[in-house]
Amino acid sequence: METSKRLIIDTDTAGDDVTSLLFGLLWPGVRVEAITTVMGNIPVEQCTANALLTVERAGRSGQVPVYRGCDRPLLRPLVQAAYVHGADGMGDSGFPPPAIQAEAEHAANAIVRLVNESPGELEIVAHGPLTNLAVAYMLDPSIAGKIKRLWVMGGSCHFRGNITPTAEFNFYVDPESARIVFEGGFPITMVGWDVCCRYALVGGNDLEALKAIDTPIARFYHQVNRKALAFNLANGLEGVTHPDSVTIAMCLRPELIVRSGRYRVEIECQSEANRGFSAVDTRPAPENTPAWTGAGPNAEVVLEADYRLFYRMLTAVLQGDFGAFSNN
Ligand code: BDR
Ligand code: CA
């Protein structure tokens, strides 16, 4: 099939980040130009090993370069989520180390280079704290205008957070980087925790049906997500959450987005209680007041998605059967 999408996937590879990589690596017509890793769920060394292992499991060894990125947020001490995904980020699976290796170039340098080599061509799908993107932007602010689209899994629109009552994990871990990116003029689509909980939570009979798929990729998917599933069930979410994979699925199939709007998104960096909160200004006509400068929209924010289409796409990836998507 002809290549229709050229992607860079930026990932703190654990749990659903792995599922997203499988979408990118296996979906027909997609060329993953680079996987860039960043600390987040777990330390960056482990994220990098997990990304390399996923490339191997997808049968793409030697075809997709993996670049190790930032090992800490810009200003804050590192906060991680091994309590969700296991110490290895892979459901405490004890996988052997990957046989393939990461590239020598730093992820932020790779992003700058690749974007400049193909201006207007690449889409970046960001699944972790936005540190690599912020550093890449500081190295070369012109990249913001050369990226076709930046898909950001992060924040939350008028909904609860996950790591705190108000903040979603990726923005909480490195709020300064999120702010730099959201103020940098990138063509952003934001997919928040709200959308992921409402339209990408797979449980009940749907999850049972996925468990019945007997392929190596499906078994790998269930294994790496098993800790996160147990964590969710203990914390009131009845299934596997797919924040990262629903984001890449929207990039591959934009019709997955049922409703969205262009809004101003501000990332909270001053308050400790609301650190990393994403304030999305959904007012139809924001008033100009002394307290509001009237800054214009900086992101397309997804508000509703098509769960059934996402589920069909996930099933196709796990089955390795994309026939239902071949003609449209
Ligand atoms: C985000 O945090 C990570 O644990 C997930 O992979 C996702 O990117 C959700 O808050
Ligand atoms: Ca992630």
# chains A, B, ... in the order shown; residues from 1 in each chain; ligands from 1

call {"tool": "residues_near_ligand", "arguments": {"ligand": "ligand 2", "cutoff": "6 Å", "atoms": "only C-alpha atoms and all ligand atoms", "output": "list in words"}}
result
Thr11, Asp12, Asp17, His127 and Gly128 of chain A

call {"tool": "residues_near_ligand", "arguments": {"ligand": "ligand 1", "cutoff": "8 Å", "atoms": "only C-alpha atoms and all ligand atoms", "output": "JSON, numbers by chain"}}
result
{"A": [11, 12, 13, 14, 15, 16, 17, 40, 41, 81, 84, 85, 127, 128, 129, 153, 154, 155, 161, 162, 163, 168, 169, 170, 193, 242, 243, 244]}

call {"tool": "residues_around", "arguments": {"residues": "Phe277 of chain A", "least_positions_apart": "5", "cutoff": "9 Å", "atoms": "only C-alpha atoms", "output": "PyMOL selection string"}}
result
chain A and resi 155-156+161+166-168+171-172+175+266-269

call {"tool": "write_last_selection", "arguments": {"atoms": "all heavy atoms", "output": "tab-separated table (two decimals), in the first residue's frame"}}
result
chain	number	residue	atom	x	y	z
A	155	GLY	N	-3.49	16.41	29.17
A	155	GLY	CA	-4.49	17.34	29.68
A	155	GLY	C	-5.85	16.69	29.81
A	155	GLY	O	-6.01	15.46	29.69
A	156	SER	N	-6.82	17.54	30.04
A	156	SER	CA	-8.18	17.07	30.28
A	156	SER	C	-9.07	18.27	30.11
A	156	SER	O	-8.73	19.36	30.56
A	156	SER	CB	-8.25	16.51	31.71
A	156	SER	OG	-9.40	15.76	31.91
A	161	GLY	N	-8.68	14.93	36.58
A	161	GLY	CA	-7.36	14.46	36.18
A	161	GLY	C	-7.21	13.00	36.54
A	161	GLY	O	-8.19	12.33	36.88
A	166	THR	N	-6.99	17.42	39.46
A	166	THR	CA	-7.12	18.35	38.34
A	166	THR	C	-6.15	18.11	37.18
A	166	THR	O	-6.34	18.69	36.11
A	166	THR	CB	-6.89	19.80	38.82
A	166	THR	OG1	-5.64	19.87	39.51
A	166	THR	CG2	-8.01	20.26	39.75
A	167	ALA	N	-5.14	17.28	37.37
A	167	ALA	CA	-4.12	17.17	36.32
A	167	ALA	C	-4.00	15.76	35.75
A	167	ALA	O	-4.05	14.77	36.49
A	167	ALA	CB	-2.75	17.61	36.84
A	168	GLU	N	-3.83	15.74	34.46
A	168	GLU	CA	-3.51	14.50	33.75
A	168	GLU	C	-1.99	14.28	33.86
A	168	GLU	O	-1.22	15.25	33.87
A	168	GLU	CB	-3.98	14.64	32.29
A	168	GLU	CG	-3.68	13.46	31.39
A	168	GLU	CD	-2.23	13.44	30.92
A	168	GLU	OE1	-1.64	14.54	30.76
A	168	GLU	OE2	-1.70	12.33	30.73
A	171	PHE	N	0.96	16.11	31.50
A	171	PHE	CA	1.14	17.54	31.73
A	171	PHE	C	1.63	17.80	33.15
A	171	PHE	O	2.37	18.76	33.39
A	171	PHE	CB	-0.17	18.31	31.48
A	171	PHE	CG	-0.55	18.45	30.03
A	171	PHE	CD1	0.14	17.78	29.02
A	171	PHE	CD2	-1.63	19.25	29.65
A	171	PHE	CE1	-0.22	17.91	27.68
A	171	PHE	CE2	-1.98	19.40	28.32
A	171	PHE	CZ	-1.29	18.72	27.34
A	172	TYR	N	1.21	16.96	34.10
A	172	TYR	CA	1.66	17.12	35.48
A	172	TYR	C	3.17	16.92	35.59
A	172	TYR	O	3.86	17.69	36.27
A	172	TYR	CB	0.94	16.11	36.39
A	172	TYR	CG	1.38	16.18	37.82
A	172	TYR	CD1	0.75	17.05	38.72
A	172	TYR	CD2	2.43	15.38	38.29
A	172	TYR	CE1	1.16	17.13	40.04
A	172	TYR	CE2	2.85	15.47	39.62
A	172	TYR	CZ	2.21	16.33	40.48
A	172	TYR	OH	2.62	16.41	41.79
A	175	PRO	N	4.99	20.33	33.39
A	175	PRO	CA	4.08	21.39	32.94
A	175	PRO	C	4.77	22.49	32.15
A	175	PRO	O	4.18	23.06	31.23
A	175	PRO	CB	3.48	21.93	34.25
A	175	PRO	CG	4.39	21.47	35.34
A	175	PRO	CD	5.05	20.22	34.86
A	266	GLU	N	-4.40	26.75	28.32
A	266	GLU	CA	-3.32	27.27	29.18
A	266	GLU	C	-2.93	26.17	30.17
A	266	GLU	O	-3.80	25.54	30.77
A	266	GLU	CB	-3.81	28.49	29.98
A	266	GLU	CG	-4.27	29.67	29.14
A	266	GLU	CD	-3.12	30.54	28.65
A	266	GLU	OE1	-1.98	30.32	29.08
A	266	GLU	OE2	-3.39	31.45	27.83
A	267	ILE	N	-1.64	25.98	30.33
A	267	ILE	CA	-1.16	24.95	31.26
A	267	ILE	C	-0.71	25.61	32.55
A	267	ILE	O	0.11	26.53	32.53
A	267	ILE	CB	0.03	24.15	30.67
A	267	ILE	CG1	-0.19	23.79	29.19
A	267	ILE	CG2	0.33	22.92	31.52
A	267	ILE	CD1	-1.32	22.89	28.90
A	268	GLU	N	-1.22	25.13	33.67
A	268	GLU	CA	-0.93	25.73	34.97
A	268	GLU	C	0.46	25.32	35.47
A	268	GLU	O	0.72	24.12	35.65
A	268	GLU	CB	-2.01	25.29	35.98
A	268	GLU	CG	-1.79	25.76	37.39
A	268	GLU	CD	-1.70	27.28	37.49
A	268	GLU	OE1	-2.60	27.97	37.01
A	268	GLU	OE2	-0.69	27.76	38.06
A	269	CYS	N	1.31	26.30	35.67
A	269	CYS	CA	2.68	26.02	36.14
A	269	CYS	C	2.98	26.65	37.50
A	269	CYS	O	4.01	26.35	38.09
A	269	CYS	CB	3.70	26.54	35.13
A	269	CYS	SG	3.67	25.71	33.54

call {"tool": "atom_distance", "arguments": {"atom1": "atom CA of Trp151 of chain A", "atom2": "atom CA of Asp206 of chain A"}}
result
26.3 Å

call {"tool": "closest_atom_pairs", "arguments": {"of": "segment 112-180 of chain A", "to": "segment 250-257 of chain A", "cutoff": "12 Å", "atoms": "only C-alpha atoms", "output": "JSON lines"}}
result
{"residue": "A:Leu122", "atom": "CA", "partner": "A:Cys251", "partner_atom": "CA", "distance": 11.5}
{"residue": "A:Glu123", "atom": "CA", "partner": "A:Cys251", "partner_atom": "CA", "distance": 8.3}
{"residue": "A:Ile124", "atom": "CA", "partner": "A:Cys251", "partner_atom": "CA", "distance": 9.3}
{"residue": "A:Val125", "atom": "CA", "partner": "A:Cys251", "partner_atom": "CA", "distance": 7.9}
{"residue": "A:Ala126", "atom": "CA", "partner": "A:Cys251", "partner_atom": "CA", "distance": 11.2}
{"residue": "A:Lys148", "atom": "CA", "partner": "A:Cys251", "partner_atom": "CA", "distance": 11.1}
{"residue": "A:Arg149", "atom": "CA", "partner": "A:Cys251", "partner_atom": "CA", "distance": 8.8}
{"residue": "A:Leu150", "atom": "CA", "partner": "A:Cys251", "partner_atom": "CA", "distance": 9.4}
{"residue": "A:Trp151", "atom": "CA", "partner": "A:Cys251", "partner_atom": "CA", "distance": 7.3}
{"residue": "A:Val152", "atom": "CA", "partner": "A:Cys251", "partner_atom": "CA", "distance": 10.4}
{"residue": "A:Met153", "atom": "CA", "partner": "A:Met250", "partner_atom": "CA", "distance": 10.9}

call {"tool": "write_last_selection", "arguments": {"atoms": "N, CA and C atoms", "output": "PDB file, in the first residue's frame"}}
result
ATOM      1  N   LEU A 122       5.658  15.714   8.074  1.00  0.00           N
ATOM      2  CA  LEU A 122       5.601  14.775   9.206  1.00  0.00           C
ATOM      3  C   LEU A 122       4.533  15.163  10.224  1.00  0.00           C
ATOM      4  N   GLU A 123       3.881  14.141  10.757  1.00  0.00           N
ATOM      5  CA  GLU A 123       2.998  14.328  11.899  1.00  0.00           C
ATOM      6  C   GLU A 123       3.705  13.730  13.118  1.00  0.00           C
ATOM      7  N   ILE A 124       3.622  14.422  14.233  1.00  0.00           N
ATOM      8  CA  ILE A 124       4.210  13.903  15.467  1.00  0.00           C
ATOM      9  C   ILE A 124       3.070  13.522  16.404  1.00  0.00           C
ATOM     10  N   VAL A 125       3.176  12.326  16.939  1.00  0.00           N
ATOM     11  CA  VAL A 125       2.173  11.848  17.886  1.00  0.00           C
ATOM     12  C   VAL A 125       2.880  11.748  19.230  1.00  0.00           C
ATOM     13  N   ALA A 126       2.475  12.587  20.187  1.00  0.00           N
ATOM     14  CA  ALA A 126       3.205  12.702  21.460  1.00  0.00           C
ATOM     15  C   ALA A 126       2.405  12.046  22.581  1.00  0.00           C
ATOM     16  N   LYS A 148       3.329  18.922  10.126  1.00  0.00           N
ATOM     17  CA  LYS A 148       1.987  18.872   9.526  1.00  0.00           C
ATOM     18  C   LYS A 148       0.914  18.916  10.616  1.00  0.00           C
ATOM     19  N   ARG A 149       1.100  18.137  11.660  1.00  0.00           N
ATOM     20  CA  ARG A 149       0.201  18.166  12.825  1.00  0.00           C
ATOM     21  C   ARG A 149       0.911  17.546  14.015  1.00  0.00           C
ATOM     22  N   LEU A 150       0.656  18.113  15.186  1.00  0.00           N
ATOM     23  CA  LEU A 150       1.184  17.558  16.438  1.00  0.00           C
ATOM     24  C   LEU A 150      -0.002  17.055  17.257  1.00  0.00           C
ATOM     25  N   TRP A 151      -0.072  15.738  17.402  1.00  0.00           N
ATOM     26  CA  TRP A 151      -1.156  15.111  18.164  1.00  0.00           C
ATOM     27  C   TRP A 151      -0.666  14.904  19.578  1.00  0.00           C
ATOM     28  N   VAL A 152      -1.330  15.540  20.528  1.00  0.00           N
ATOM     29  CA  VAL A 152      -0.869  15.479  21.921  1.00  0.00           C
ATOM     30  C   VAL A 152      -1.870  14.712  22.770  1.00  0.00           C
ATOM     31  N   MET A 153      -1.420  13.589  23.351  1.00  0.00           N
ATOM     32  CA  MET A 153      -2.218  12.977  24.409  1.00  0.00           C
ATOM     33  C   MET A 153      -1.798  13.655  25.700  1.00  0.00           C
TER      34      MET A 153
END

call {"tool": "closest_residue", "arguments": {"among": "A:Val38, A:Leu114, A:Pro165, A:Gly86", "to": "Arg72 of chain A", "atoms": "only C-alpha atoms"}}
result
A:Val38

call {"tool": "select_by_dssp", "arguments": {"residues": "segment 40-108 of chain A", "states": "strand (DSSP E or B)", "output": "list in words"}}
result
Val66, Tyr67, Arg68 and Glu103 of chain A

call {"tool": "closest_residue", "arguments": {"among": "A:Pro297, A:Gly239, A:Pro73, A:Pro98", "to": "Leu52 of chain A", "atoms": "only C-alpha atoms"}}
result
A:Pro98

call {"tool": "closest_residue", "arguments": {"among": "A:Val115, A:Ala58, A:Ala102, A:Ala209", "to": "Ile8 of chain A", "atoms": "only C-alpha atoms"}}
result
A:Val115

call {"tool": "select_by_dssp", "arguments": {"residues": "segment 158-296 of chain A", "states": "alpha helix (DSSP H)", "output": "NGL selection string"}}
result
:A and (169-173 or 175-182 or 193-199 or 204-211 or 216-234 or 243-252)

call {"tool": "atom_distance", "arguments": {"atom1": "atom CA of Tyr221 of chain A", "atom2": "atom CA of Ala34 of chain A"}}
result
21.2 Å

call {"tool": "atom_distance", "arguments": {"atom1": "atom CA of Gly91 of chain A", "atom2": "atom CA of Gln223 of chain A"}}
result
6.4 Å

call {"tool": "closest_residue", "arguments": {"among": "A:Ala136, A:Val66, A:Val302, A:Leu22", "to": "Leu314 of chain A", "atoms": "only C-alpha atoms"}}
result
A:Leu22

call {"tool": "closest_residue", "arguments": {"among": "A:Ala104, A:Val301, A:Leu233, A:Ala178", "to": "Tyr67 of chain A", "atoms": "only C-alpha atoms"}}
result
A:Ala104

call {"tool": "residues_around", "arguments": {"residues": "Glu117 of chain A", "least_positions_apart": "3", "cutoff": "12 Å", "atoms": "only C-alpha atoms", "output": "number ranges by chain"}}
result
A: 33, 110-114, 120-122, 143, 146-147

call {"tool": "write_last_selection", "arguments": {"atoms": "C-alpha atoms", "output": "mmCIF file, in the first residue's frame"}}
result
data_model
loop_
_atom_site.group_PDB
_atom_site.id
_atom_site.type_symbol
_atom_site.label_atom_id
_atom_site.label_comp_id
_atom_site.auth_asym_id
_atom_site.auth_seq_id
_atom_site.Cartn_x
_atom_site.Cartn_y
_atom_site.Cartn_z
ATOM 1 C CA GLU A 33 10.171 7.628 10.593
ATOM 2 C CA ALA A 110 16.504 13.802 15.703
ATOM 3 C CA ILE A 111 13.155 15.621 15.793
ATOM 4 C CA VAL A 112 14.770 18.880 14.625
ATOM 5 C CA ARG A 113 16.683 17.108 11.854
ATOM 6 C CA LEU A 114 13.804 14.990 10.566
ATOM 7 C CA GLY A 120 5.247 20.068 6.084
ATOM 8 C CA GLU A 121 5.319 16.274 5.743
ATOM 9 C CA LEU A 122 5.601 14.775 9.206
ATOM 10 C CA ILE A 143 9.971 23.355 13.559
ATOM 11 C CA LYS A 146 7.083 22.747 9.628
ATOM 12 C CA ILE A 147 5.136 19.967 11.328
#
